[in-house]
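Asks: Structure: input_30.cif, mmCIF, C-alpha atoms.
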```
data_work
#
loop_
_atom_site.label_atom_id
_atom_site.label_comp_id
_atom_site.auth_asym_id
_atom_site.auth_seq_id
_atom_site.Cartn_x
_atom_site.Cartn_y
_atom_site.Cartn_z
CA MET L 1 17.04 46.88 1.58
CA ARG L 2 20.47 46.46 3.12
CA ILE L 3 21.04 49.24 5.63
CA PRO L 4 24.49 49.93 7.09
CA ARG L 5 24.23 49.59 10.86
CA HIS L 6 26.85 52.26 11.54
CA VAL L 7 27.68 55.17 9.21
CA GLY L 8 30.66 57.52 9.52
CA ILE L 9 30.35 61.10 8.30
CA ILE L 10 33.38 63.12 7.13
CA PRO L 11 32.00 66.63 6.57
CA ASP L 12 34.81 68.06 4.45
CA GLY L 13 34.85 71.18 2.29
CA ASN L 14 33.66 73.94 4.63
CA ARG L 15 36.63 76.21 3.88
CA ARG L 16 36.51 75.64 0.14
CA TRP L 17 32.79 76.40 0.23
CA ALA L 18 33.37 79.66 2.11
CA LYS L 19 36.04 80.66 -0.40
CA GLY L 20 33.60 79.96 -3.25
CA GLN L 21 31.09 82.27 -1.56
CA SER L 22 33.75 84.98 -1.10
CA MET L 23 33.52 84.55 2.64
CA ASP L 24 36.30 84.18 5.17
CA LYS L 25 37.41 80.54 5.39
CA LYS L 26 36.41 80.38 9.04
CA ASP L 27 32.84 81.27 8.17
CA GLY L 28 32.35 77.97 6.34
CA TYR L 29 31.99 75.94 9.50
CA ARG L 30 28.73 77.35 10.74
CA HIS L 31 27.19 76.58 7.36
CA GLY L 32 27.90 72.94 8.12
CA LEU L 33 25.60 72.88 11.14
CA ASN L 34 22.27 72.42 9.43
CA PRO L 35 23.63 69.67 7.14
CA GLY L 36 24.68 67.80 10.28
CA LEU L 37 21.13 67.85 11.57
CA GLU L 38 19.67 66.94 8.19
CA VAL L 39 21.93 63.93 7.65
CA MET L 40 21.06 62.67 11.12
CA LYS L 41 17.33 62.83 10.42
CA GLU L 42 17.90 61.07 7.09
CA ALA L 43 19.99 58.31 8.71
CA MET L 44 17.26 57.84 11.31
CA ARG L 45 14.61 57.59 8.62
CA PHE L 46 16.61 54.78 6.97
CA GLY L 47 16.99 52.91 10.26
CA VAL L 48 20.73 53.44 10.76
CA LYS L 49 21.59 52.45 14.36
CA GLU L 50 24.79 54.44 14.90
CA LEU L 51 26.19 57.60 13.32
CA THR L 52 29.66 59.08 13.89
CA TYR L 53 30.68 62.60 12.87
CA TYR L 54 34.29 63.57 12.30
CA GLY L 55 34.27 66.91 14.11
CA PHE L 56 37.80 68.22 14.40
CA THR L 57 41.20 66.67 15.06
CA VAL L 58 44.35 67.37 16.97
CA ASP L 59 46.00 67.90 13.53
CA ASN L 60 43.41 70.54 12.60
CA CYS L 61 44.56 72.61 15.57
CA LYS L 62 47.69 73.64 13.66
CA ARG L 63 45.49 75.99 11.63
CA PRO L 64 45.09 79.77 12.18
CA LYS L 65 43.53 80.72 15.51
CA GLU L 66 40.32 82.18 14.11
CA GLN L 67 39.65 78.94 12.20
CA ILE L 68 40.23 76.85 15.32
CA LYS L 69 37.80 79.02 17.25
CA ALA L 70 35.25 78.71 14.46
CA PHE L 71 35.33 74.90 14.22
CA GLN L 72 35.33 74.54 18.00
CA GLN L 73 32.21 76.69 18.16
CA ALA L 74 30.63 74.76 15.28
CA CYS L 75 31.19 71.51 17.19
CA ILE L 76 29.64 72.90 20.35
CA ASP L 77 26.65 74.19 18.40
CA ALA L 78 26.33 70.93 16.48
CA VAL L 79 26.26 68.83 19.63
CA LYS L 80 23.62 71.12 21.18
CA LEU L 81 21.62 70.96 17.96
CA ILE L 82 21.57 67.17 17.65
CA GLU L 83 21.18 66.57 21.36
CA ASN L 84 17.64 65.46 22.01
CA ASP L 85 15.64 62.71 23.58
CA ALA L 86 15.69 60.56 20.49
CA VAL L 87 19.46 59.97 20.35
CA SER L 88 22.13 58.60 22.65
CA LEU L 89 25.02 61.05 22.35
CA LEU L 90 28.74 60.53 22.97
CA VAL L 91 31.66 62.92 22.43
CA VAL L 92 35.10 61.28 21.99
CA GLY L 93 38.40 63.15 21.92
CA ASN L 94 41.46 64.26 23.85
CA THR L 95 39.94 66.16 26.77
CA GLU L 96 43.35 66.81 28.32
CA SER L 97 44.39 69.33 25.69
CA LYS L 98 43.43 73.00 25.73
CA PHE L 99 41.73 72.58 22.36
CA PHE L 100 38.94 70.46 23.80
CA PRO L 101 35.93 72.76 24.43
CA GLU L 102 34.90 72.74 28.09
CA GLU L 103 31.25 72.95 27.09
CA LEU L 104 31.46 69.41 25.74
CA LEU L 105 33.07 67.69 28.73
CA SER L 106 29.73 66.54 30.07
CA TYR L 107 29.06 64.59 26.86
CA THR L 108 32.12 62.36 27.07
CA LYS L 109 30.16 59.66 28.88
CA ARG L 110 27.10 58.14 27.29
CA ASN L 111 24.20 58.74 29.66
CA GLU L 112 22.26 55.57 29.21
CA GLU L 113 22.32 52.50 27.08
CA ASP L 114 18.93 52.64 25.50
CA GLU L 115 18.77 50.24 22.58
CA SER L 116 15.78 51.99 21.06
CA LYS L 117 17.77 55.17 20.50
CA MET L 118 20.19 55.84 17.65
CA LYS L 119 23.75 56.23 18.92
CA VAL L 120 25.34 59.45 17.74
CA ASN L 121 29.08 59.91 18.25
CA PHE L 122 30.97 63.12 17.74
CA LEU L 123 34.77 63.22 17.45
CA VAL L 124 36.08 66.41 19.04
CA ASN L 125 39.82 67.10 19.26
CA TYR L 126 40.33 63.53 18.12
CA GLY L 127 43.67 62.10 16.99
CA TRP L 128 44.24 58.64 15.52
CA ASP L 129 47.60 58.36 17.32
CA TRP L 130 46.10 59.65 20.57
CA ASP L 131 43.40 57.00 20.17
CA LEU L 132 45.82 54.11 19.62
CA ARG L 133 48.50 55.31 22.03
CA ASN L 134 45.96 55.42 24.83
CA GLY L 135 44.90 51.82 24.40
CA PHE L 136 42.04 52.42 21.96
CA SER L 137 40.31 55.40 23.55
CA SER L 138 37.44 55.25 21.07
CA LYS L 139 36.50 51.68 21.94
CA GLU L 140 32.93 52.64 22.81
CA ILE L 141 32.43 53.41 19.13
CA SER L 142 31.62 50.29 17.12
CA ARG L 143 32.96 49.24 13.72
CA MET L 144 31.61 51.28 10.81
CA ASP L 145 29.92 49.68 7.81
CA MET L 146 30.03 52.71 5.56
CA ILE L 147 31.86 56.03 5.62
CA ILE L 148 30.60 58.96 3.56
CA ARG L 149 32.99 61.80 2.84
CA TRP L 150 31.89 65.08 1.32
CA GLY L 151 34.21 67.39 -0.63
CA GLY L 152 35.61 64.95 -3.20
CA MET L 153 38.66 63.54 -1.41
CA CYS L 154 39.02 59.79 -1.09
CA ARG L 155 40.99 59.44 2.13
CA LEU L 156 40.31 58.79 5.80
CA SER L 157 42.47 61.62 7.19
CA GLY L 158 42.96 59.67 10.40
CA PHE L 159 39.26 58.90 10.95
CA LEU L 160 38.97 56.00 13.46
CA PRO L 161 41.58 53.64 11.98
CA ILE L 162 40.29 50.58 13.84
CA GLN L 163 36.58 51.11 13.24
CA SER L 164 37.18 51.79 9.52
CA VAL L 165 39.07 48.59 8.64
CA TYR L 166 36.15 46.98 6.78
CA ALA L 167 34.07 50.08 5.99
CA ASP L 168 32.89 50.84 2.47
CA PHE L 169 33.96 54.33 1.53
CA TYR L 170 31.63 56.57 -0.46
CA VAL L 171 32.74 59.97 -1.74
CA VAL L 172 30.39 62.86 -2.48
CA LYS L 173 31.90 65.52 -4.75
CA ASP L 174 29.78 68.33 -3.34
CA LEU L 175 31.13 70.29 -0.41
CA TRP L 176 29.61 69.66 3.01
CA PRO L 177 27.67 72.94 3.31
CA ASP L 178 25.96 71.97 0.02
CA TYR L 179 24.59 68.78 1.63
CA ARG L 180 21.36 67.40 0.18
CA ASN L 181 19.41 64.34 1.30
CA GLU L 182 19.97 62.85 -2.15
CA HIS L 183 23.65 62.43 -1.25
CA PHE L 184 22.75 60.13 1.60
CA GLU L 185 20.23 58.24 -0.54
CA GLU L 186 22.81 57.76 -3.29
CA ALA L 187 25.28 56.44 -0.74
CA ILE L 188 22.69 53.94 0.54
CA ASN L 189 21.91 52.86 -3.02
CA TRP L 190 25.61 52.39 -3.75
CA TYR L 191 25.97 50.40 -0.54
CA GLN L 192 23.41 47.88 -1.86
CA LYS L 193 25.90 46.81 -4.50
CA GLN L 194 28.82 46.32 -2.13
CA ASP L 195 29.47 42.80 -1.04
CA VAL L 196 30.41 42.29 2.59
CA THR L 197 33.04 39.60 3.04
CA LEU L 198 35.16 40.77 6.01
CA GLY L 199 38.01 39.08 4.13
CA GLY L 200 36.36 35.65 4.23
CA MET E 1 55.29 65.82 -11.36
CA ARG E 2 54.21 64.90 -7.84
CA ILE E 3 55.11 61.27 -7.21
CA PRO E 4 53.78 59.37 -4.19
CA ARG E 5 56.77 58.16 -2.17
CA HIS E 6 55.02 55.01 -0.99
CA VAL E 7 52.22 53.23 -2.87
CA GLY E 8 50.04 50.42 -1.50
CA ILE E 9 48.63 47.81 -3.88
CA ILE E 10 45.40 45.91 -3.14
CA PRO E 11 45.21 43.29 -5.91
CA ASP E 12 41.55 42.34 -5.61
CA GLY E 13 39.32 40.46 -8.04
CA ASN E 14 41.26 37.26 -8.78
CA ARG E 15 38.33 34.98 -7.97
CA ARG E 16 35.79 37.07 -9.84
CA TRP E 17 38.15 37.08 -12.83
CA ALA E 18 38.50 33.28 -12.73
CA LYS E 19 34.71 32.92 -12.59
CA GLY E 20 34.39 35.18 -15.62
CA GLN E 21 36.82 32.94 -17.48
CA SER E 22 34.87 29.81 -16.42
CA MET E 23 37.84 28.70 -14.35
CA ASP E 24 37.92 27.42 -10.81
CA LYS E 25 38.05 30.36 -8.36
CA LYS E 26 41.41 29.18 -7.01
CA ASP E 27 42.95 29.44 -10.48
CA GLY E 28 42.59 33.21 -10.48
CA TYR E 29 45.51 33.80 -8.16
CA ARG E 30 48.30 32.67 -10.45
CA HIS E 31 47.00 35.06 -13.10
CA GLY E 32 47.80 37.83 -10.65
CA LEU E 33 51.52 37.08 -10.66
CA ASN E 34 52.54 38.85 -13.82
CA PRO E 35 50.52 41.98 -12.94
CA GLY E 36 52.49 42.13 -9.69
CA LEU E 37 55.74 42.25 -11.59
CA GLU E 38 54.42 44.74 -14.12
CA VAL E 39 53.14 47.21 -11.53
CA MET E 40 56.48 47.06 -9.73
CA LYS E 41 58.39 47.94 -12.90
CA GLU E 42 55.95 50.75 -13.59
CA ALA E 43 56.29 52.14 -10.05
CA MET E 44 60.07 52.00 -10.40
CA ARG E 45 59.89 53.86 -13.71
CA PHE E 46 57.93 56.66 -11.99
CA GLY E 47 60.44 56.87 -9.15
CA VAL E 48 58.24 55.47 -6.36
CA LYS E 49 60.48 54.69 -3.36
CA GLU E 50 58.40 52.08 -1.57
CA LEU E 51 55.70 49.65 -2.71
CA THR E 52 53.55 47.43 -0.49
CA TYR E 53 51.44 44.52 -1.76
CA TYR E 54 48.48 43.19 0.16
CA GLY E 55 49.16 39.46 -0.24
CA PHE E 56 46.79 37.49 1.94
CA THR E 57 45.34 37.94 5.40
CA VAL E 58 44.51 35.91 8.45
CA ASP E 59 40.82 36.56 7.57
CA ASN E 60 41.32 35.10 4.08
CA CYS E 61 42.33 31.79 5.68
CA LYS E 62 38.68 31.07 6.51
CA ARG E 63 38.20 30.24 2.81
CA PRO E 64 38.11 26.72 1.26
CA LYS E 65 41.38 24.80 1.54
CA GLU E 66 42.18 24.72 -2.16
CA GLN E 67 41.86 28.52 -2.34
CA ILE E 68 44.16 28.95 0.64
CA LYS E 69 46.74 26.70 -0.97
CA ALA E 70 46.44 28.64 -4.22
CA PHE E 71 46.96 32.10 -2.72
CA GLN E 72 49.78 30.87 -0.50
CA GLN E 73 51.54 29.50 -3.58
CA ALA E 74 50.86 32.70 -5.51
CA CYS E 75 52.51 34.70 -2.71
CA ILE E 76 55.56 32.46 -2.67
CA ASP E 77 55.85 32.70 -6.46
CA ALA E 78 55.31 36.45 -6.40
CA VAL E 79 58.06 37.03 -3.85
CA LYS E 80 60.47 34.87 -5.86
CA LEU E 81 59.48 36.72 -9.03
CA ILE E 82 60.04 40.24 -7.67
CA GLU E 83 63.10 39.30 -5.65
CA ASN E 84 66.11 40.72 -7.42
CA ASP E 85 69.10 42.90 -6.86
CA ALA E 86 67.25 46.07 -7.66
CA VAL E 87 64.79 45.95 -4.74
CA SER E 88 64.97 45.69 -0.98
CA LEU E 89 62.37 43.07 -0.06
CA LEU E 90 60.48 42.54 3.20
CA VAL E 91 57.70 40.08 4.05
CA VAL E 92 55.45 41.05 6.99
CA GLY E 93 52.87 38.76 8.59
CA ASN E 94 52.04 36.40 11.40
CA THR E 95 54.79 33.78 11.10
CA GLU E 96 53.55 31.91 14.16
CA SER E 97 50.45 30.57 12.46
CA LYS E 98 50.39 27.46 10.26
CA PHE E 99 49.15 29.55 7.35
CA PHE E 100 52.44 31.39 6.98
CA PRO E 101 54.43 29.66 4.18
CA GLU E 102 57.77 28.35 5.43
CA GLU E 103 59.40 29.29 2.14
CA LEU E 104 58.98 32.97 3.03
CA LEU E 105 60.43 32.94 6.55
CA SER E 106 63.82 34.06 5.31
CA TYR E 107 62.31 37.25 3.87
CA THR E 108 60.89 38.55 7.15
CA LYS E 109 64.03 40.57 7.81
CA ARG E 110 65.18 43.20 5.34
CA ASN E 111 68.70 42.22 4.30
CA GLU E 112 70.27 45.59 3.95
CA GLU E 113 69.30 49.21 4.10
CA ASP E 114 70.33 50.40 0.70
CA GLU E 115 68.78 53.79 -0.01
CA SER E 116 69.28 53.43 -3.76
CA LYS E 117 66.92 50.47 -3.92
CA MET E 118 63.15 50.59 -3.97
CA LYS E 119 61.66 49.01 -0.86
CA VAL E 120 59.12 46.33 -1.68
CA ASN E 121 56.94 45.00 1.12
CA PHE E 122 54.70 41.99 0.90
CA LEU E 123 51.98 41.27 3.47
CA VAL E 124 51.65 37.52 3.97
CA ASN E 125 49.21 36.09 6.52
CA TYR E 126 48.76 39.64 7.77
CA GLY E 127 46.03 40.72 10.17
CA TRP E 128 45.25 44.30 11.22
CA ASP E 129 44.42 43.14 14.75
CA TRP E 130 47.50 40.94 14.91
CA ASP E 131 49.51 44.00 13.81
CA LEU E 132 48.08 46.32 16.48
CA ARG E 133 47.83 43.72 19.25
CA ASN E 134 51.52 42.96 18.87
CA GLY E 135 52.64 46.52 19.37
CA PHE E 136 52.60 47.59 15.70
CA SER E 137 54.31 44.61 14.07
CA SER E 138 54.44 46.33 10.69
CA LYS E 139 56.38 49.33 11.97
CA GLU E 140 59.16 48.81 9.43
CA ILE E 141 56.66 49.75 6.73
CA SER E 142 56.34 53.53 6.34
CA ARG E 143 53.19 55.60 5.91
CA MET E 144 51.56 55.26 2.50
CA ASP E 145 50.80 58.26 0.28
CA MET E 146 48.49 56.47 -2.12
CA ILE E 147 46.69 53.14 -2.13
CA ILE E 148 45.43 51.63 -5.38
CA ARG E 149 42.79 48.94 -5.22
CA TRP E 150 41.76 46.85 -8.21
CA GLY E 151 38.38 45.17 -8.55
CA GLY E 152 36.04 48.12 -7.91
CA MET E 153 35.63 48.05 -4.13
CA CYS E 154 36.34 51.18 -2.12
CA ARG E 155 37.46 49.76 1.22
CA LEU E 156 40.71 48.96 2.99
CA SER E 157 39.77 45.44 4.15
CA GLY E 158 42.17 45.74 7.05
CA PHE E 159 45.16 46.94 4.98
CA LEU E 160 47.73 48.52 7.33
CA PRO E 161 45.41 50.74 9.42
CA ILE E 162 48.21 52.93 10.75
CA GLN E 163 50.08 53.43 7.49
CA SER E 164 46.86 54.26 5.63
CA VAL E 165 45.60 57.09 7.86
CA TYR E 166 46.48 59.86 5.38
CA ALA E 167 46.67 57.84 2.14
CA ASP E 168 44.73 58.86 -0.95
CA PHE E 169 42.66 55.94 -2.13
CA TYR E 170 42.30 55.22 -5.85
CA VAL E 171 39.97 52.51 -7.14
CA VAL E 172 40.41 50.71 -10.48
CA LYS E 173 37.24 48.99 -11.70
CA ASP E 174 39.12 46.31 -13.65
CA LEU E 175 39.97 43.09 -11.87
CA TRP E 176 43.58 42.54 -10.84
CA PRO E 177 44.45 39.87 -13.45
CA ASP E 178 43.37 42.44 -16.09
CA TYR E 179 46.05 44.87 -14.88
CA ARG E 180 47.40 47.31 -17.46
CA ASN E 181 50.10 49.96 -17.01
CA GLU E 182 47.50 52.60 -17.86
CA HIS E 183 45.81 51.90 -14.52
CA PHE E 184 48.93 52.93 -12.67
CA GLU E 185 49.40 55.98 -14.88
CA GLU E 186 45.80 57.05 -14.32
CA ALA E 187 46.30 56.70 -10.58
CA ILE E 188 49.42 58.89 -10.73
CA ASN E 189 47.55 61.48 -12.80
CA TRP E 190 44.68 61.48 -10.30
CA TYR E 191 47.17 61.84 -7.46
CA GLN E 192 48.37 65.12 -9.00
CA LYS E 193 45.03 66.68 -8.19
CA GLN E 194 44.93 65.56 -4.55
CA ASP E 195 45.98 68.11 -2.03
CA VAL E 196 48.10 66.87 0.85
CA THR E 197 47.24 68.57 4.12
CA LEU E 198 47.76 65.90 6.80
CA GLY E 199 44.85 67.62 8.53
CA GLY E 200 46.68 70.96 8.81
#
```
Would it be possible to restate this file's structure as structure tokens?
Replies:
Amino acid sequence: MRIPRHVGIIPDGNRRWAKGQSMDKKDGYRHGLNPGLEVMKEAMRFGVKELTYYGFTVDNCKRPKEQIKAFQQACIDAVKLIENDAVSLLVVGNTESKFFPEELLSYTKRNEEDESKMKVNFLVNYGWDWDLRNGFSSKEISRMDMIIRWGGMCRLSGFLPIQSVYADFYVVKDLWPDYRNEHFEEAINWYQKQDVTLGG
Amino acid sequence: MRIPRHVGIIPDGNRRWAKGQSMDKKDGYRHGLNPGLEVMKEAMRFGVKELTYYGFTVDNCKRPKEQIKAFQQACIDAVKLIENDAVSLLVVGNTESKFFPEELLSYTKRNEEDESKMKVNFLVNYGWDWDLRNGFSSKEISRMDMIIRWGGMCRLSGFLPIQSVYADFYVVKDLWPDYRNEHFEEAINWYQKQDVTLGG
């Protein structure tokens, strides 16, 4: 079986999900926490070597205050939840802005390079233009082989423009809080049929 | 009707099409010429303001010589075919390499800025890393709203990483030489249902 070495995760649809449940939009984010843990375990089971989550972006911080607070908190909780001995964690984002949560500052350097551990990257207060303007700030994150986006949209929304140049893009219609392991398995099955050429 | 201002065209599948017709792979490219003209007319009819074709890339030039010659010629012919008074043409690519066709050098500057004309951009011997390494060489090309790729793959393959950050990506299963105007119409219909947020 052909396993993508590095998978990108765009966990979209939290607000639409909350709306569908007659909740406040902001309440969608915390329902995305458990899916984040589940997809990581699933990626590990398949032997994926690196996983990158699209947390929140500089653009997202134009939203109403209570939503910003909610996705900041969800990112903090997510990092704490996936942080464990089995993964090598890195948070990447613009730490110089007030939107970057202080609690995550200590994760912006990868502790150790341990090849036996899966690398897990988390974009927090990330911006594609910030990344490129600052001489490729995300350069510690390697090129992605596959990107999976939940919530039905087929767009990158500024997700790591350099690392996504050759990535295969798989879209799941279901919203992120409705994550099921079958989504990941379907993406891996679909990936089998993609032919890697890198333009050659 | 919501019309994308700028549409990117990834005309993939020429070689697979040739194989299916029991032709030499290299012979697929010239069968992509007429589709290029047709899609331009169709985009014009819908009121699209800017159209960008992914011609060939620096990566593509690792292929066998006869294929390189064939796609170079197809690009020259395509530019000549779409060049007319009604469009404002620009060719963007690495002119300093031997793979850039001399015949297209005169198109690397846009003649005039005439707002009434559709802008048509053609990437020739383009490379995403060349683009970024050289301080955003493609900066005359604006951000794309929608990218349509023929040939079934859902990936950018290095197509304008900066201009594609917020683009909606539509995939046509048919191979590029099998282009039909319905493909473009279906893409426009699909685009109606996409919600533009730019992350906000």
Asks: Could you list the residues chosen by the PyMOL selection byres ((chain L) within 7 of (chain E)) in this structure as a tab-separated table (two decimals) with C-alpha atoms, keeping the file's coordinate frame?
Replies:
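Heads up, here's the output in result-v4.tsv:
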```
chain	number	residue	atom	x	y	z
L	59	ASP	CA	46.00	67.90	13.53
L	60	ASN	CA	43.41	70.54	12.60
L	62	LYS	CA	47.69	73.64	13.66
L	63	ARG	CA	45.49	75.99	11.63
L	154	CYS	CA	39.02	59.79	-1.09
L	155	ARG	CA	40.99	59.44	2.13
L	156	LEU	CA	40.31	58.79	5.80
L	157	SER	CA	42.47	61.62	7.19
L	158	GLY	CA	42.96	59.67	10.40
L	161	PRO	CA	41.58	53.64	11.98
L	162	ILE	CA	40.29	50.58	13.84
L	165	VAL	CA	39.07	48.59	8.64
L	166	TYR	CA	36.15	46.98	6.78
L	167	ALA	CA	34.07	50.08	5.99
L	168	ASP	CA	32.89	50.84	2.47
L	169	PHE	CA	33.96	54.33	1.53
L	198	LEU	CA	35.16	40.77	6.01
L	199	GLY	CA	38.01	39.08	4.13
L	200	GLY	CA	36.36	35.65	4.23
```
Asks: To one decimal in Å, tell me the separation between CA of Lys80 in chain E and CA of Gly135 in chain E.
Replies: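 These two atoms are separated by 28.9 Å.
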Asks: Hey, can you check how far CA of His31 in chain L sits from CA of Lys19 in chain L?
Replies: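 These two atoms are separated by 12.5 Å.
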Asks: Figure out the distance between CA of Val79 in chain L and CA of Gly151 in chain L, please, to one decimal in Å.
Replies: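 Those two atoms sit 21.8 Å apart.
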Asks: Would you please work out which residue, of L:Asn14, L:Asn94, L:Ser142, L:Gln192, is nearest to Ala70 in chain L when using only C-alpha atoms?
Replies: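 Among L:Asn14, L:Asn94, L:Ser142, L:Gln192, it is L:Asn14 that comes nearest to Ala70 in chain L.
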Asks: Considering only C-alpha atoms, can you say which of L:Thr52, L:Asn189, L:Ser137, L:Gln72 comes closest to Phe122 in chain L?
Replies: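 Nearest candidate to Phe122 in chain L out of L:Thr52, L:Asn189, L:Ser137, L:Gln72: L:Thr52.
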Asks: Measuring atom to atom with only C-alpha atoms, identify which of E:Gly8, E:Phe46, E:Tyr29, E:Met118 is nearest to Glu66 in chain E.
Replies: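 Smallest separation from Glu66 in chain E among the options: E:Tyr29.
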Asks: What's the 10 Å shell around Lys109 in chain E, counting all atoms listed in the file, without same-chain residues fewer than 4 positions away, as a list in words?
Replies: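 The residues satisfying every condition are Leu89, Leu90, Val91, Val92, Leu105 and Glu140 of chain E.
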Asks: Using C-alpha atoms, can you write the selected residues to a file as a PDB file, in the frame of the given file?
Replies:
```
ATOM      1  CA  LEU E  89      62.370  43.070  -0.060  1.00  0.00           C
ATOM      2  CA  LEU E  90      60.480  42.540   3.200  1.00  0.00           C
ATOM      3  CA  VAL E  91      57.700  40.080   4.050  1.00  0.00           C
ATOM      4  CA  VAL E  92      55.450  41.050   6.990  1.00  0.00           C
ATOM      5  CA  LEU E 105      60.430  32.940   6.550  1.00  0.00           C
ATOM      6  CA  GLU E 140      59.160  48.810   9.430  1.00  0.00           C
TER       7      GLU E 140
END
```
Asks: Give me the residues near Phe184 in chain E as JSON, numbers by chain, where near means some atom within 12 Å (using only C-alpha atoms) and where sequence neighbours in that chain fewer than 4 positions away do not count.
Replies: {"E": [3, 4, 7, 8, 9, 35, 36, 38, 39, 40, 41, 42, 43, 44, 45, 46, 48, 146, 147, 148, 149, 150, 170, 171, 172, 174, 176, 179, 180, 188, 189, 190, 191]}
Asks: Taking into account all atoms listed in the file, which residue in the set E:Met1, E:Asn111, E:Gly93, E:Gly32 is nearest to Ser138 in chain E?
Replies: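 Between E:Met1, E:Asn111, E:Gly93, E:Gly32, the residue approaching Ser138 in chain E most closely is E:Gly93.
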Asks: Find the residues around Ala78 in chain L up to 9 Å (all atoms listed in the file counted), leave out those fewer than 4 positions away in its own chain, and share them as a list in words.
Replies: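 That gives Arg30, Gly32, Leu33, Asn34, Gly36, Leu37, Gln73, Ala74, Ile82 and Glu83 of chain L.
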Asks: When distances are computed from only C-alpha atoms, which of E:Val124, E:Ile10, E:Met23, E:Met144 shows the smallest separation from Thr108 in chain E?
Replies: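 The answer is E:Val124, which sits nearest to Thr108 in chain E.
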Asks: Would you mind telling me which residue in E:Lys98, E:Lys69, E:Lys119, E:Lys139 lies nearest to Arg5 in chain E when using all atoms listed in the file?
Replies: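 Ranking E:Lys98, E:Lys69, E:Lys119, E:Lys139 by distance to Arg5 in chain E, first place goes to E:Lys119.
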